[in-house]
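Next up, protein_33.cif (mmCIF, C-alpha atoms and all ligand atoms):
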```
data_model
#
loop_
_atom_site.label_atom_id
_atom_site.label_comp_id
_atom_site.auth_asym_id
_atom_site.auth_seq_id
_atom_site.Cartn_x
_atom_site.Cartn_y
_atom_site.Cartn_z
CA MET Z 1 -18.49 54.94 -0.38
CA ILE Z 2 -16.11 53.80 -3.07
CA ALA Z 3 -17.55 51.03 -5.15
CA THR Z 4 -15.30 51.28 -8.14
CA GLY Z 5 -14.73 47.96 -9.81
CA SER Z 6 -17.65 46.17 -8.25
CA GLU Z 7 -19.57 46.43 -11.46
CA LYS Z 8 -16.88 44.61 -13.36
CA CYS Z 9 -17.17 41.47 -11.34
CA CYS Z 10 -17.81 39.33 -14.37
CA SER Z 11 -14.83 40.25 -16.46
CA LYS Z 12 -13.21 36.85 -16.10
CA LYS Z 13 -10.65 36.12 -18.69
CA LYS Z 14 -11.14 32.92 -20.53
CA LYS Z 15 -8.33 30.54 -19.86
CA ILE Z 16 -7.05 29.08 -23.04
CA LYS Z 17 -5.55 25.68 -22.49
CA LYS Z 18 -2.79 24.83 -24.84
CA ASN Z 19 -2.19 21.16 -25.13
CA TYR Z 20 1.15 21.37 -26.80
CA THR Z 21 3.08 24.06 -25.02
CA MET Z 22 6.74 23.15 -24.90
CA SER Z 23 7.72 25.78 -22.41
CA ASN Z 24 6.90 23.91 -19.23
CA PHE Z 25 9.41 22.50 -16.81
CA TYR Z 26 8.72 19.60 -14.50
CA CYS Z 27 10.13 18.25 -11.29
CA GLU Z 28 11.68 14.82 -11.75
CA TYR Z 29 10.50 13.71 -8.30
CA CYS Z 30 6.93 14.91 -8.10
CA GLY Z 31 5.96 16.20 -11.52
CA THR Z 32 5.27 19.75 -10.36
CA LYS Z 33 4.96 21.94 -13.40
CA SER Z 34 6.49 25.37 -13.68
CA SER Z 35 6.87 27.86 -16.48
CA ASN Z 36 10.46 28.56 -15.58
CA ILE Z 37 13.33 26.65 -14.04
CA SER Z 38 14.23 29.15 -11.37
CA SER Z 39 10.83 29.13 -9.74
CA LEU Z 40 10.68 25.34 -9.95
CA THR Z 41 13.97 24.79 -8.19
CA ALA Z 42 13.27 27.53 -5.64
CA ASN Z 43 10.61 25.47 -3.91
CA SER Z 44 10.95 22.40 -1.76
CA CYS Z 45 9.73 19.09 -3.08
CA HIS Z 46 7.21 16.99 -1.20
CA ARG Z 47 8.51 13.88 -2.91
CA HIS Z 48 12.19 14.49 -2.54
CA PRO Z 49 14.14 11.19 -2.15
CA LEU Z 50 15.56 12.39 1.18
CA GLY Z 51 12.08 13.05 2.49
CA ALA Z 52 9.21 15.45 1.99
CA GLY Z 53 10.52 19.00 1.94
CA LYS Z 54 14.12 17.88 2.51
CA GLY Z 55 15.21 19.31 -0.77
CA LYS Z 56 14.11 21.34 -3.73
CA HIS Z 57 12.38 20.23 -6.86
CA LYS Z 58 14.76 18.79 -9.38
CA LEU Z 59 14.42 19.73 -12.99
CA TYR Z 60 13.33 16.88 -15.19
CA GLU Z 61 15.70 17.20 -18.09
CA GLY Z 62 13.78 15.09 -20.52
CA SER Z 63 11.40 16.57 -23.01
CA GLU Z 64 7.70 16.98 -22.43
CA LYS Z 65 6.01 13.80 -23.52
CA SER Z 66 2.54 12.39 -23.92
CA GLN Z 67 3.70 9.39 -21.93
CA TYR Z 68 6.46 8.91 -19.40
CA SER Z 69 8.18 5.64 -18.59
CA CYS Z 70 9.97 4.58 -15.43
CA LYS Z 71 13.65 4.03 -16.12
CA TYR Z 72 13.79 1.16 -13.67
CA CYS Z 73 10.76 -0.95 -14.51
CA GLY Z 74 9.21 0.53 -17.62
CA THR Z 75 5.89 1.43 -16.04
CA SER Z 76 4.39 4.20 -18.07
CA SER Z 77 2.04 7.00 -17.23
CA THR Z 78 0.61 9.97 -19.05
CA ALA Z 79 1.70 12.34 -16.29
CA LEU Z 80 4.96 12.68 -14.39
CA SER Z 81 3.07 13.35 -11.20
CA SER Z 82 1.14 10.10 -11.35
CA LEU Z 83 4.20 8.09 -12.39
CA THR Z 84 6.28 9.36 -9.49
CA ALA Z 85 3.40 8.92 -7.05
CA ASN Z 86 3.78 5.17 -7.03
CA SER Z 87 6.44 2.91 -5.60
CA CYS Z 88 8.72 1.13 -8.00
CA HIS Z 89 9.13 -2.60 -7.62
CA ARG Z 90 12.49 -2.42 -9.35
CA HIS Z 91 13.89 0.56 -7.53
CA PRO Z 92 17.69 0.31 -7.04
CA ASN Z 93 17.25 0.79 -3.30
CA GLY Z 94 14.93 -2.18 -3.14
CA THR Z 95 11.40 -3.16 -4.04
CA GLY Z 96 9.08 -0.35 -3.07
CA LYS Z 97 11.92 1.62 -1.47
CA GLY Z 98 11.43 4.46 -3.87
CA LYS Z 99 9.18 5.89 -6.48
CA HIS Z 100 9.23 5.39 -10.20
CA SER Z 101 11.74 7.66 -11.88
CA PRO Z 102 11.06 8.97 -15.37
CA ALA Z 103 13.44 8.07 -18.16
CA LEU Z 104 14.64 11.05 -20.15
ZN ZN O 201 9.22 18.06 -6.81
ZN ZN O 202 9.44 1.89 -11.76
#
```
Rewrite the coordinates I just gave you, this time as structure tokens.
Amino acid sequence: MIATGSEKCCSKKKKIKKNYTMSNFYCEYCGTKSSNISSLTANSCHRHPLGAGKGKHKLYEGSEKSQYSCKYCGTSSTALSSLTANSCHRHPNGTGKGKHSPAL
């Protein structure tokens, strides 16, 4: 019987949340966060304009902000993911034909 390690079941590392890390990259379509660009753009995006999974995440080239605004209508949100979750009434393709898109 090998029980090595079972005694250390409670050695959870405390996760330290940094509120102001500037090393995160976000998808412009869905707000998915990644610590590096290559892993972000390697995965398909569930909110890609061509359809869910029809393309990869696209790097949001703006800086990390405390609030993001839609470049079409000015709607603002504290998170990219919640901004891009909603339809934009001033989307260039037509009212509600697309999601809000963050201004850089
Ligand atoms: Zn995405
Ligand atoms: Zn909008």
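The closest residue to ligand ZN 201 (chain O), picked from Z:His57, Z:Ser38, Z:Thr95, Z:Ser81 and counting only C-alpha atoms and all ligand atoms, is Z:His57.
Of the residues under consideration (Z:Thr75, Z:Thr84, Z:Ser101, Z:Asn93), Z:Thr84 shows the shortest atom-to-atom contact distance to Z:Cys30 when counting all atoms listed in the file.
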Problem set entry | Env. residues ligand ZN 201 (chain O) / 12 Å / all atoms listed in the file / as a PyMOL selection string | chain Z and resi 25-34+37+39-60+80-81+84-85+101
Problem set entry | Contacts to ligand ZN 202 (chain O) at 12 Å cut-off (all atoms listed in the file) as a ChimeraX atom specification | /Z:68-77,80,82-103
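Considering the residues Z:Gln67, Z:Leu104, Z:Asn24, Z:Gly62 and counting all atoms listed in the file, Z:Ala79 has its shortest atom-to-atom contact with Z:Gln67.
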Around stretch 28-44 of chain Z, fit a box with edges along x, y and z, padding it by 3 Å on each side, then list its centre and edge lengths in Å to one decimal as lines of an AutoDock Vina configuration file.
```
center_x = 9.6
center_y = 21.4
center_z = -9.1
size_x = 15.3
size_y = 21.4
size_z = 20.7
```
